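K.L.:
One file: run11.cif (mmCIF, C-alpha atoms and all ligand atoms).
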```cif
data_final
#
loop_
_atom_site.label_atom_id
_atom_site.label_comp_id
_atom_site.auth_asym_id
_atom_site.auth_seq_id
_atom_site.Cartn_x
_atom_site.Cartn_y
_atom_site.Cartn_z
CA MET A 257 -29.16 10.96 26.65
CA ASN A 258 -29.61 10.64 22.86
CA VAL A 259 -30.66 7.21 21.64
CA LEU A 260 -30.57 6.29 17.96
CA GLY A 261 -33.44 3.87 17.22
CA ILE A 262 -33.43 1.52 14.24
CA GLU A 263 -36.56 -0.31 13.05
CA THR A 264 -36.71 -2.83 10.19
CA SER A 265 -38.96 -5.59 11.56
CA CYS A 266 -41.52 -5.53 8.73
CA ASP A 267 -41.92 -3.20 5.76
CA GLU A 268 -40.84 0.18 7.11
CA THR A 269 -37.19 1.19 7.24
CA ALA A 270 -36.96 3.69 10.06
CA ALA A 271 -34.41 5.53 12.19
CA ALA A 272 -34.95 8.17 14.86
CA VAL A 273 -33.10 10.08 17.52
CA VAL A 274 -34.91 10.55 20.84
CA LYS A 275 -33.55 12.53 23.79
CA ASP A 276 -34.12 11.15 27.29
CA GLY A 277 -36.90 8.85 26.08
CA ARG A 278 -39.28 11.81 25.62
CA GLU A 279 -38.14 14.33 23.02
CA ILE A 280 -38.09 13.40 19.34
CA LEU A 281 -35.09 15.03 17.64
CA SER A 282 -35.79 13.21 14.36
CA ASN A 283 -38.14 10.49 13.14
CA VAL A 284 -37.46 9.18 9.62
CA VAL A 285 -39.73 6.47 8.18
CA LEU A 286 -39.33 5.08 4.69
CA SER A 287 -42.40 3.05 3.84
CA GLN A 288 -42.16 0.23 1.31
CA ILE A 289 -45.92 0.30 0.62
CA ASP A 290 -45.39 1.00 -3.10
CA ALA A 291 -43.04 -2.00 -3.47
CA HIS A 292 -45.63 -4.38 -1.95
CA ARG A 293 -48.84 -2.89 -3.35
CA GLU A 294 -48.91 -4.96 -6.54
CA PHE A 295 -48.74 -8.15 -4.43
CA GLY A 296 -51.53 -7.01 -2.05
CA GLY A 297 -49.36 -7.66 1.03
CA VAL A 298 -45.81 -7.68 2.38
CA VAL A 299 -43.45 -9.97 0.44
CA PRO A 300 -40.69 -10.87 2.93
CA GLU A 301 -37.92 -11.18 0.34
CA VAL A 302 -38.77 -7.82 -1.24
CA ALA A 303 -38.92 -6.24 2.24
CA ALA A 304 -35.46 -7.50 3.21
CA ARG A 305 -33.88 -6.29 -0.05
CA SER A 306 -35.48 -2.86 0.32
CA HIS A 307 -34.17 -2.57 3.89
CA ILE A 308 -30.62 -3.27 2.66
CA GLU A 309 -30.84 -0.37 0.22
CA ALA A 310 -32.52 2.05 2.58
CA VAL A 311 -31.15 1.46 6.07
CA LEU A 312 -27.89 3.46 5.95
CA PRO A 313 -29.35 6.52 4.13
CA VAL A 314 -32.29 6.51 6.57
CA ILE A 315 -29.94 6.43 9.58
CA GLN A 316 -27.82 9.20 8.05
CA LYS A 317 -30.94 11.29 7.48
CA SER A 318 -32.09 10.76 11.08
CA LEU A 319 -28.77 12.09 12.38
CA SER A 320 -28.73 15.08 10.06
CA LYS A 321 -32.37 15.95 10.84
CA ALA A 322 -31.54 15.72 14.56
CA LYS A 323 -28.54 17.97 13.83
CA ILE A 324 -26.17 15.70 15.72
CA GLY A 325 -23.02 13.76 14.87
CA TRP A 326 -21.99 10.29 16.03
CA ASN A 327 -20.20 11.76 19.04
CA GLU A 328 -23.59 12.93 20.36
CA VAL A 329 -25.23 9.50 20.01
CA ASP A 330 -25.13 7.88 23.46
CA ALA A 331 -26.68 4.50 22.59
CA ILE A 332 -28.20 2.49 19.77
CA ALA A 333 -31.50 0.59 20.10
CA VAL A 334 -32.83 -1.81 17.50
CA SER A 335 -35.99 -3.91 17.16
CA ASN A 336 -34.61 -7.43 17.24
CA ARG A 337 -37.87 -9.30 17.90
CA PRO A 338 -40.49 -10.30 16.74
CA GLY A 339 -40.89 -9.78 13.00
CA LEU A 340 -39.89 -11.08 9.60
CA LEU A 341 -36.51 -12.79 9.92
CA GLY A 342 -34.96 -11.32 6.76
CA SER A 343 -36.16 -7.83 7.70
CA LEU A 344 -35.03 -8.03 11.34
CA LEU A 345 -31.61 -9.25 10.27
CA ILE A 346 -30.87 -6.08 8.30
CA GLY A 347 -31.59 -3.80 11.27
CA VAL A 348 -29.75 -6.04 13.71
CA LEU A 349 -26.65 -6.43 11.51
CA THR A 350 -26.56 -2.69 10.86
CA ALA A 351 -27.03 -1.80 14.53
CA LYS A 352 -24.40 -4.23 15.81
CA THR A 353 -21.85 -3.13 13.20
CA LEU A 354 -22.41 0.54 14.04
CA ALA A 355 -22.25 -0.23 17.78
CA LEU A 356 -18.89 -1.91 17.30
CA ILE A 357 -17.39 0.70 14.99
CA LYS A 358 -18.69 3.73 16.85
CA GLN A 359 -18.22 2.14 20.30
CA LYS A 360 -21.80 2.67 21.48
CA PRO A 361 -23.87 0.58 23.94
CA LEU A 362 -26.44 -1.52 22.11
CA TYR A 363 -30.00 -2.42 23.18
CA GLY A 364 -32.17 -5.04 21.49
CA VAL A 365 -35.85 -4.23 22.03
CA ASP A 366 -39.19 -5.96 21.53
CA HIS A 367 -41.13 -4.37 18.67
CA VAL A 368 -44.56 -5.02 20.23
CA ILE A 369 -43.55 -3.44 23.55
CA ALA A 370 -41.91 -0.57 21.65
CA HIS A 371 -45.32 0.25 20.12
CA THR A 372 -46.68 0.92 23.62
CA TYR A 373 -43.70 3.17 24.37
CA ALA A 374 -44.82 5.57 21.61
CA ASN A 375 -47.14 6.75 24.40
CA TRP A 376 -44.19 8.28 26.28
CA LEU A 377 -43.49 10.70 23.44
CA GLU A 378 -46.37 13.12 23.08
CA HIS A 379 -48.21 13.50 26.34
CA GLU A 380 -47.54 13.15 30.04
CA PRO A 381 -45.99 9.70 30.63
CA PRO A 382 -48.50 6.91 31.38
CA GLN A 383 -48.81 5.98 35.02
CA PHE A 384 -48.39 2.44 36.29
CA PRO A 385 -50.21 0.10 36.48
CA LEU A 386 -50.65 0.59 32.73
CA LEU A 387 -53.01 -1.47 30.61
CA SER A 388 -51.99 -1.47 26.95
CA LEU A 389 -53.70 -2.74 23.85
CA THR A 390 -51.31 -3.24 20.93
CA VAL A 391 -53.06 -3.77 17.63
CA SER A 392 -51.07 -4.13 14.43
CA GLY A 393 -50.64 -6.21 11.29
CA GLY A 394 -48.86 -8.92 13.28
CA HIS A 395 -50.16 -8.54 16.84
CA THR A 396 -53.26 -8.11 18.96
CA GLN A 397 -52.20 -8.08 22.56
CA LEU A 398 -53.43 -6.83 25.93
CA MET A 399 -50.64 -6.25 28.44
CA LEU A 400 -50.42 -5.03 32.02
CA TYR A 401 -47.27 -3.15 33.07
CA THR A 402 -46.74 -2.61 36.79
CA THR A 403 -43.29 -1.03 36.23
CA HIS A 404 -41.06 -0.58 33.16
CA ASP A 405 -39.56 -3.89 34.07
CA THR A 406 -42.57 -5.90 35.20
CA TYR A 407 -45.30 -6.77 32.78
CA LYS A 408 -47.45 -9.64 31.70
CA VAL A 409 -49.41 -10.55 28.61
CA LEU A 410 -53.10 -10.73 29.61
CA GLY A 411 -54.29 -12.05 26.28
CA LYS A 412 -53.40 -12.17 22.63
CA THR A 413 -54.88 -13.45 19.43
CA ARG A 414 -55.25 -17.17 18.93
CA ASP A 415 -55.05 -16.79 15.16
CA ASP A 416 -55.01 -13.67 12.95
CA ALA A 417 -53.98 -10.24 14.17
CA VAL A 418 -56.70 -7.61 13.79
CA GLY A 419 -54.62 -5.65 11.23
CA GLU A 420 -54.22 -8.82 9.20
CA ALA A 421 -58.02 -9.20 9.18
CA PHE A 422 -58.38 -5.58 7.95
CA ASP A 423 -55.81 -6.28 5.21
CA LYS A 424 -57.43 -9.57 4.09
CA VAL A 425 -61.01 -8.22 4.09
CA ALA A 426 -59.82 -5.20 2.08
CA LYS A 427 -58.23 -7.52 -0.46
CA VAL A 428 -61.48 -9.47 -0.99
CA LEU A 429 -63.35 -6.15 -1.34
CA GLY A 430 -60.86 -5.03 -3.99
CA LEU A 431 -59.66 -2.12 -1.82
CA PRO A 432 -56.02 -0.99 -2.06
CA TYR A 433 -53.22 -2.18 0.23
CA PRO A 434 -52.70 -1.49 3.12
CA GLY A 435 -56.20 -2.57 4.01
CA GLY A 436 -56.70 -0.78 7.33
CA PRO A 437 -56.86 2.78 6.03
CA SER A 438 -58.79 1.61 2.91
CA ILE A 439 -61.46 -0.10 5.01
CA ALA A 440 -61.71 2.92 7.30
CA LYS A 441 -62.16 5.21 4.27
CA ALA A 442 -64.80 3.00 2.58
CA ALA A 443 -66.58 2.66 5.93
CA THR A 444 -67.18 6.40 6.15
CA SER A 445 -69.69 6.02 3.26
CA GLY A 446 -71.15 2.74 4.56
CA ASP A 447 -73.70 1.58 7.13
CA ALA A 448 -72.09 -0.20 10.09
CA PHE A 449 -75.39 -1.92 10.86
CA ALA A 450 -76.07 -3.18 7.33
CA TYR A 451 -74.71 -6.64 8.15
CA ALA A 452 -74.23 -8.32 11.53
CA PHE A 453 -70.94 -10.18 11.85
CA PRO A 454 -70.28 -12.49 14.80
CA GLU A 455 -67.99 -11.61 17.69
CA ALA A 456 -65.63 -14.35 18.92
CA LYS A 457 -66.30 -14.53 22.67
CA LEU A 458 -63.71 -17.14 23.70
CA GLY A 459 -65.33 -17.67 27.09
CA ASN A 460 -64.09 -15.69 30.04
CA THR A 461 -60.62 -15.05 28.61
CA LEU A 462 -58.87 -11.90 27.44
CA GLU A 463 -57.82 -13.63 24.23
CA PHE A 464 -58.83 -12.61 20.74
CA SER A 465 -59.69 -14.42 17.52
CA PHE A 466 -60.22 -12.76 14.16
CA SER A 467 -60.13 -15.66 11.69
CA GLY A 468 -63.83 -16.44 12.25
CA LEU A 469 -64.79 -12.83 11.51
CA LYS A 470 -62.65 -12.89 8.36
CA THR A 471 -64.35 -16.09 7.17
CA ALA A 472 -67.81 -14.72 8.06
CA VAL A 473 -67.12 -11.70 5.82
CA LEU A 474 -66.00 -13.99 2.99
CA ARG A 475 -69.11 -16.21 3.25
CA HIS A 476 -71.34 -13.12 3.39
CA LEU A 477 -69.72 -11.73 0.22
CA GLN A 478 -69.98 -15.05 -1.61
CA ALA A 479 -73.70 -15.15 -0.75
CA LEU A 480 -74.11 -11.51 -1.78
CA VAL A 481 -72.90 -12.32 -5.31
CA GLY A 482 -75.12 -15.43 -5.41
CA GLN A 483 -72.34 -18.00 -5.04
CA ASP A 484 -71.41 -20.71 -2.52
CA TYR A 485 -68.29 -21.19 -0.35
CA THR A 486 -66.27 -22.63 -3.25
CA PHE A 487 -66.36 -19.33 -5.19
CA PRO A 488 -62.81 -17.82 -5.36
CA SER A 489 -62.30 -14.74 -3.17
CA THR A 490 -60.36 -13.05 -5.98
CA GLN A 491 -63.46 -12.95 -8.22
CA ILE A 492 -65.86 -11.36 -5.74
CA ALA A 493 -64.89 -7.67 -5.81
CA SER A 494 -65.73 -7.10 -9.47
CA GLN A 495 -69.34 -8.24 -8.84
CA LEU A 496 -70.01 -5.96 -5.86
CA THR A 497 -71.71 -2.57 -5.95
CA GLN A 498 -69.97 0.38 -4.29
CA ALA A 499 -72.72 0.41 -1.62
CA GLN A 500 -72.13 -3.28 -0.84
CA ILE A 501 -68.38 -2.65 -0.52
CA ASN A 502 -68.89 0.36 1.77
CA ASP A 503 -71.50 -1.38 3.94
CA THR A 504 -69.35 -4.51 4.30
CA ALA A 505 -66.29 -2.39 5.20
CA ALA A 506 -68.31 -0.45 7.80
CA SER A 507 -69.95 -3.56 9.30
CA PHE A 508 -66.64 -5.45 9.47
CA GLN A 509 -64.85 -2.48 11.05
CA TYR A 510 -67.66 -2.13 13.60
CA ALA A 511 -67.46 -5.83 14.56
CA ALA A 512 -63.65 -5.76 14.88
CA VAL A 513 -63.75 -2.60 17.00
CA GLN A 514 -66.51 -3.97 19.27
CA THR A 515 -64.36 -7.02 20.08
CA LEU A 516 -61.32 -4.88 20.89
CA VAL A 517 -63.35 -2.51 23.06
CA SER A 518 -65.16 -5.22 25.02
CA LYS A 519 -61.97 -7.16 25.83
CA THR A 520 -60.11 -4.00 26.84
CA LEU A 521 -62.99 -2.94 29.06
CA LYS A 522 -63.07 -6.41 30.63
CA ALA A 523 -59.32 -6.13 31.36
CA TYR A 524 -59.80 -2.63 32.78
CA ASN A 525 -62.54 -3.81 35.15
CA GLU A 526 -60.47 -6.77 36.26
CA PHE A 527 -57.15 -4.97 36.87
CA GLN A 528 -58.22 -1.33 37.54
CA PRO A 529 -55.08 0.20 35.98
CA LYS A 530 -54.21 3.90 36.42
CA SER A 531 -53.65 4.41 32.67
CA VAL A 532 -54.81 2.75 29.47
CA ALA A 533 -52.78 3.11 26.25
CA LEU A 534 -53.48 2.14 22.68
CA ALA A 535 -50.64 1.34 20.26
CA GLY A 536 -49.77 -0.19 16.90
CA GLY A 537 -50.87 0.46 13.31
CA VAL A 538 -54.57 -0.29 13.91
CA ALA A 539 -54.54 2.32 16.72
CA ALA A 540 -54.68 4.82 13.84
CA ASN A 541 -58.30 3.70 13.33
CA GLN A 542 -60.59 6.57 14.29
CA LEU A 543 -63.59 4.41 15.21
CA LEU A 544 -61.44 2.33 17.56
CA ARG A 545 -60.04 5.45 19.23
CA THR A 546 -63.48 7.01 19.67
CA GLU A 547 -65.29 3.87 20.85
CA LEU A 548 -62.54 2.86 23.27
CA ALA A 549 -62.26 6.38 24.71
CA LYS A 550 -66.06 6.43 25.17
CA ALA A 551 -66.13 3.06 26.92
CA LEU A 552 -63.31 3.68 29.41
CA PRO A 553 -63.74 5.62 32.66
CA VAL A 554 -60.15 6.96 32.37
CA GLU A 555 -58.51 8.99 29.62
CA LEU A 556 -57.31 6.82 26.72
CA LEU A 557 -53.69 7.51 25.79
CA CYS A 558 -53.04 7.17 22.10
CA PRO A 559 -50.11 8.22 19.90
CA SER A 560 -50.62 10.39 16.83
CA THR A 561 -50.98 8.41 13.58
CA VAL A 562 -47.29 8.58 12.58
CA LEU A 563 -46.33 7.09 15.92
CA CYS A 564 -49.01 4.37 15.74
CA THR A 565 -47.61 2.71 12.62
CA ASP A 566 -44.06 1.34 12.59
CA ASN A 567 -41.41 3.91 13.46
CA ALA A 568 -38.06 4.07 15.22
CA ALA A 569 -38.87 6.81 17.75
CA MET A 570 -40.77 4.21 19.80
CA VAL A 571 -37.71 1.92 19.56
CA ALA A 572 -35.36 4.67 20.75
CA THR A 573 -37.71 5.45 23.67
CA LEU A 574 -37.84 1.86 24.84
CA GLY A 575 -34.04 1.75 24.32
CA PHE A 576 -33.71 4.72 26.70
CA PHE A 577 -35.62 2.86 29.45
CA GLU A 578 -33.54 -0.27 28.83
CA ALA A 579 -30.43 1.88 29.18
CA GLN A 580 -31.67 3.05 32.62
CA LYS A 581 -31.59 -0.61 33.62
CA LYS A 582 -28.04 -0.86 32.22
CA ARG A 583 -28.99 -3.81 30.08
CA ALA A 584 -26.74 -3.31 27.08
CA ILE A 585 -26.18 -6.39 24.97
CA SER A 586 -22.87 -7.34 23.40
CA PRO A 587 -22.94 -6.61 19.65
CA LEU A 588 -21.48 -10.07 19.19
CA GLU A 589 -24.40 -11.68 21.00
CA ILE A 590 -27.48 -9.87 19.71
CA GLU A 591 -29.74 -12.04 17.56
CA ALA A 592 -32.77 -11.49 15.33
CA LEU A 593 -35.61 -13.47 16.95
CA PRO A 594 -38.62 -13.63 14.57
CA THR A 595 -41.11 -15.30 16.91
CA LYS A 596 -40.00 -14.20 20.36
CA THR A 597 -42.16 -11.69 22.29
O1 LIG B 601 -47.83 -1.41 13.45
P1 LIG B 601 -47.85 -1.55 11.98
O2 LIG B 601 -47.40 -0.38 11.13
O3 LIG B 601 -47.01 -2.78 11.51
C1 LIG B 601 -46.97 -3.99 12.22
O4 LIG B 601 -46.18 -4.06 13.20
O5 LIG B 601 -47.75 -4.87 11.84
O6 LIG B 601 -49.37 -1.96 11.61
C2 LIG B 601 -49.78 -2.14 10.30
C3 LIG B 601 -51.26 -2.54 10.31
C4 LIG B 601 -51.75 -2.98 8.94
O7 LIG B 601 -52.48 -4.18 9.09
C5 LIG B 601 -52.68 -1.82 8.54
O8 LIG B 601 -53.73 -2.23 7.68
C6 LIG B 601 -53.19 -1.37 9.89
O9 LIG B 601 -52.05 -1.42 10.72
N1 LIG B 601 -53.74 0.01 9.86
C7 LIG B 601 -55.03 0.28 10.13
C8 LIG B 601 -55.19 1.69 9.94
N2 LIG B 601 -53.97 2.21 9.58
C9 LIG B 601 -53.09 1.15 9.54
N3 LIG B 601 -56.06 -0.50 10.49
C10 LIG B 601 -57.26 0.08 10.67
N4 LIG B 601 -57.50 1.39 10.50
C11 LIG B 601 -56.50 2.24 10.15
N5 LIG B 601 -56.75 3.53 9.98
ZN ZN B 602 -45.52 -2.75 14.34
#
```
For this file, produce the structure as structure tokens.
Ligand code: KG4
Ligand code: ZN
P.N.:
Amino acid sequence: MNVLGIETSCDETAAAVVKDGREILSNVVLSQIDAHREFGGVVPEVAARSHIEAVLPVIQKSLSKAKIGWNEVDAIAVSNRPGLLGSLLIGVLTAKTLALIKQKPLYGVDHVIAHTYANWLEHEPPQFPLLSLTVSGGHTQLMLYTTHDTYKVLGKTRDDAVGEAFDKVAKVLGLPYPGGPSIAKAATSGDAFAYAFPEAKLGNTLEFSFSGLKTAVLRHLQALVGQDYTFPSTQIASQLTQAQINDTAASFQYAAVQTLVSKTLKAYNEFQPKSVALAGGVAANQLLRTELAKALPVELLCPSTVLCTDNAAMVATLGFFEAQKKRAISPLEIEALPTKT
């Protein structure tokens, strides 16, 4: 069964064709990073306009790369939740129109869950019960799946997502957008133990919080340049030495990774899952992958970098499993749901 996946929930316009939920026939991702770079973050209006321009050519390219025509597309899956409303709408409107015109079953899938399903694409499928940690620009979430259909959220962030913290800290340090890869790069020349940043414990829960860490980094940088908490974050970077930037990046990354590892380990000990999977844009972080793999007694499943960040192959895969449950949605009923998970 060939599923065409469509992904437009944030700032990547993507389409992919996946066979039987396992085999990638094509995976086309058009990143809007250049359009947002000058603003230092995703501008929702710019993202939605870019999706309008890109979505049909990207879908066309995914079909031609897969070497298939519409008659060989068995279903369409689209991320319809959660995400930026304007961005989601473009994918949803495109998918429902194509489903109607081409007479294909349509599946609306959850973007955060789709990230985890990238783990079905490159190695042996995860076994249930599956513990998954999804870490991205919008989400930080531990989930336990007992079947494809039965899952629960064990804990998520109370405030910022970890990727958001990477992006904001990078901005204060004057590092280019997107912040995650920039921090990781600067950190390779820095000392992770130069500065000690606090870890939000949040009692005995599996919840996360990253806003305190973000503020701690800001206060540390203000002090480093001899200023108090009123000093504007936009004026700090120009007063920092390269060593201070690298050490702060390394120490921040270390603190963020420690939190993610300790909560995941706590969840592992509590639920004793058969598999553990990492997913989402921040899963591309090498320190996180290494530290988590070291801490866990089972093998850590992790997608390759292109399947960690937003893509449509993960959407098509989840669409395939939805199709097994025969849960097609009427094109006239599908909605874009920005906050629903
Ligand atoms: O999953 P994704 O592409 O989009 C969302 O659904 O949010 O994740 C994007 C996030 C951004 O915050 C980006 O800075 C972060 O993933 N990211 C990284 C790395 N590569 C991307 N964070 C840390 N280290 C990386 N190597
Ligand atoms: Zn994502």
K.L.:
Applying 12 Å and all atoms listed in the file, which residues near Ala310 in chain A remain after dropping the ones on its own chain fewer than 6 positions away? List them as a PyMOL selection string.
P.N.:
chain A and resi 262-264+267-271+284-288+303-304+316-317+343+346-347+350
K.L.:
Can those selected residues be exported to a file as a JSON list (two decimals), in the coordinates of the input so that it contains C-alpha atoms?
P.N.:
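Result written to out_33.json:
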```
[["chain", "number", "residue", "atom", "x", "y", "z"],
["A", 262, "ILE", "CA", -33.43, 1.52, 14.24],
["A", 263, "GLU", "CA", -36.56, -0.31, 13.05],
["A", 264, "THR", "CA", -36.71, -2.83, 10.19],
["A", 267, "ASP", "CA", -41.92, -3.20, 5.76],
["A", 268, "GLU", "CA", -40.84, 0.18, 7.11],
["A", 269, "THR", "CA", -37.19, 1.19, 7.24],
["A", 270, "ALA", "CA", -36.96, 3.69, 10.06],
["A", 271, "ALA", "CA", -34.41, 5.53, 12.19],
["A", 284, "VAL", "CA", -37.46, 9.18, 9.62],
["A", 285, "VAL", "CA", -39.73, 6.47, 8.18],
["A", 286, "LEU", "CA", -39.33, 5.08, 4.69],
["A", 287, "SER", "CA", -42.40, 3.05, 3.84],
["A", 288, "GLN", "CA", -42.16, 0.23, 1.31],
["A", 303, "ALA", "CA", -38.92, -6.24, 2.24],
["A", 304, "ALA", "CA", -35.46, -7.50, 3.21],
["A", 316, "GLN", "CA", -27.82, 9.20, 8.05],
["A", 317, "LYS", "CA", -30.94, 11.29, 7.48],
["A", 343, "SER", "CA", -36.16, -7.83, 7.70],
["A", 346, "ILE", "CA", -30.87, -6.08, 8.30],
["A", 347, "GLY", "CA", -31.59, -3.80, 11.27],
["A", 350, "THR", "CA", -26.56, -2.69, 10.86]]
```
K.L.:
Excluding range 552-568 of chain A and any residue of its chain fewer than 2 positions from it, enumerate the residues within 9 Å of it, using all atoms listed in the file, and give them as a ChimeraX atom specification.
P.N.:
/A:260-273,283-285,333-335,367,370-372,374-379,382,392,517,520-521,524,530-541,545,547-550,570-573
K.L.:
Let me see the file: selected residues, C-alpha atoms, as a short mmCIF file (atom, residue, chain, number, x, y, z; two decimals), keeping the file's coordinate frame.
P.N.:
```cif
data_model
loop_
_atom_site.label_atom_id
_atom_site.label_comp_id
_atom_site.auth_asym_id
_atom_site.auth_seq_id
_atom_site.Cartn_x
_atom_site.Cartn_y
_atom_site.Cartn_z
CA LEU A 260 -30.57 6.29 17.96
CA GLY A 261 -33.44 3.87 17.22
CA ILE A 262 -33.43 1.52 14.24
CA GLU A 263 -36.56 -0.31 13.05
CA THR A 264 -36.71 -2.83 10.19
CA SER A 265 -38.96 -5.59 11.56
CA CYS A 266 -41.52 -5.53 8.73
CA ASP A 267 -41.92 -3.20 5.76
CA GLU A 268 -40.84 0.18 7.11
CA THR A 269 -37.19 1.19 7.24
CA ALA A 270 -36.96 3.69 10.06
CA ALA A 271 -34.41 5.53 12.19
CA ALA A 272 -34.95 8.17 14.86
CA VAL A 273 -33.10 10.08 17.52
CA ASN A 283 -38.14 10.49 13.14
CA VAL A 284 -37.46 9.18 9.62
CA VAL A 285 -39.73 6.47 8.18
CA ALA A 333 -31.50 0.59 20.10
CA VAL A 334 -32.83 -1.81 17.50
CA SER A 335 -35.99 -3.91 17.16
CA HIS A 367 -41.13 -4.37 18.67
CA ALA A 370 -41.91 -0.57 21.65
CA HIS A 371 -45.32 0.25 20.12
CA THR A 372 -46.68 0.92 23.62
CA ALA A 374 -44.82 5.57 21.61
CA ASN A 375 -47.14 6.75 24.40
CA TRP A 376 -44.19 8.28 26.28
CA LEU A 377 -43.49 10.70 23.44
CA GLU A 378 -46.37 13.12 23.08
CA HIS A 379 -48.21 13.50 26.34
CA PRO A 382 -48.50 6.91 31.38
CA SER A 392 -51.07 -4.13 14.43
CA VAL A 517 -63.35 -2.51 23.06
CA THR A 520 -60.11 -4.00 26.84
CA LEU A 521 -62.99 -2.94 29.06
CA TYR A 524 -59.80 -2.63 32.78
CA LYS A 530 -54.21 3.90 36.42
CA SER A 531 -53.65 4.41 32.67
CA VAL A 532 -54.81 2.75 29.47
CA ALA A 533 -52.78 3.11 26.25
CA LEU A 534 -53.48 2.14 22.68
CA ALA A 535 -50.64 1.34 20.26
CA GLY A 536 -49.77 -0.19 16.90
CA GLY A 537 -50.87 0.46 13.31
CA VAL A 538 -54.57 -0.29 13.91
CA ALA A 539 -54.54 2.32 16.72
CA ALA A 540 -54.68 4.82 13.84
CA ASN A 541 -58.30 3.70 13.33
CA ARG A 545 -60.04 5.45 19.23
CA GLU A 547 -65.29 3.87 20.85
CA LEU A 548 -62.54 2.86 23.27
CA ALA A 549 -62.26 6.38 24.71
CA LYS A 550 -66.06 6.43 25.17
CA MET A 570 -40.77 4.21 19.80
CA VAL A 571 -37.71 1.92 19.56
CA ALA A 572 -35.36 4.67 20.75
CA THR A 573 -37.71 5.45 23.67
#
```
K.L.:
Considering all atoms listed in the file, can you say which of A:Ser320, A:Thr353, A:Gln397, A:Ser306 comes closest to ligand ZN 602 (chain B)?
P.N.:
A:Gln397
K.L.:
Please enclose the listed atoms of range 505-520 of chain A in an axis-aligned box, pad each side by 5 Å, and write out the centre and the three edge lengths in Å, rounded to one decimal, as AutoDock Vina command-line options.
P.N.:
```
--center_x -65.0 --center_y -3.8 --center_z 16.0 --size_x 19.8 --size_y 16.7 --size_z 31.6
```
K.L.:
Quick one: of A:Ile492, A:Leu340, A:Leu474, A:Ile357, who's nearest to ligand LIG 601 (chain B), counting only C-alpha atoms and all ligand atoms?
P.N.:
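Comparing A:Ile492, A:Leu340, A:Leu474, A:Ile357 against ligand LIG 601 (chain B), the winner is A:Leu340.
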K.L.:
Could you check how far CA of Gln495 in chain A sits from CA of Phe453 in chain A, in Å to one decimal?
P.N.:
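Atom-to-atom, CA of Gln495 in chain A to CA of Phe453 in chain A, that is 20.8 Å.
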K.L.:
So how many Å separate CA of Gln542 in chain A and CA of Leu496 in chain A, to one decimal?
P.N.:
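It comes out at 25.5 Å.
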K.L.:
By how many Å are CA of Arg337 in chain A and CA of Leu593 in chain A apart?
P.N.:
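According to the coordinates, CA of Arg337 in chain A and CA of Leu593 in chain A are separated by 4.8 Å.
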K.L.:
Since the input lacks some atoms of range 300-311 of chain A, please model N, CA and C atoms and print them as a short mmCIF file (atom, residue, chain, number, x, y, z; two decimals), keeping the file's coordinate frame.
P.N.:
```
data_model
loop_
_atom_site.label_atom_id
_atom_site.label_comp_id
_atom_site.auth_asym_id
_atom_site.auth_seq_id
_atom_site.Cartn_x
_atom_site.Cartn_y
_atom_site.Cartn_z
N PRO A 300 -41.86 -10.94 2.06
CA PRO A 300 -40.69 -10.87 2.93
C PRO A 300 -39.36 -10.65 2.19
N GLU A 301 -39.18 -11.31 1.09
CA GLU A 301 -37.92 -11.18 0.34
C GLU A 301 -37.73 -9.75 -0.20
N VAL A 302 -38.82 -9.20 -0.71
CA VAL A 302 -38.77 -7.82 -1.24
C VAL A 302 -38.48 -6.85 -0.08
N ALA A 303 -39.11 -7.11 1.08
CA ALA A 303 -38.92 -6.24 2.24
C ALA A 303 -37.46 -6.23 2.66
N ALA A 304 -36.84 -7.41 2.76
CA ALA A 304 -35.46 -7.50 3.21
C ALA A 304 -34.52 -6.77 2.24
N ARG A 305 -34.74 -6.96 0.94
CA ARG A 305 -33.88 -6.29 -0.05
C ARG A 305 -34.03 -4.77 0.04
N SER A 306 -35.26 -4.31 0.23
CA SER A 306 -35.48 -2.86 0.32
C SER A 306 -34.79 -2.29 1.56
N HIS A 307 -34.84 -3.05 2.67
CA HIS A 307 -34.17 -2.57 3.89
C HIS A 307 -32.67 -2.40 3.65
N ILE A 308 -32.07 -3.35 2.92
CA ILE A 308 -30.62 -3.27 2.66
C ILE A 308 -30.29 -1.95 1.97
N GLU A 309 -31.10 -1.61 0.96
CA GLU A 309 -30.84 -0.37 0.22
C GLU A 309 -31.07 0.87 1.06
N ALA A 310 -32.09 0.81 1.93
CA ALA A 310 -32.52 2.05 2.58
C ALA A 310 -31.88 2.32 3.94
N VAL A 311 -31.43 1.27 4.64
CA VAL A 311 -31.15 1.46 6.07
C VAL A 311 -30.06 2.50 6.35
#
```
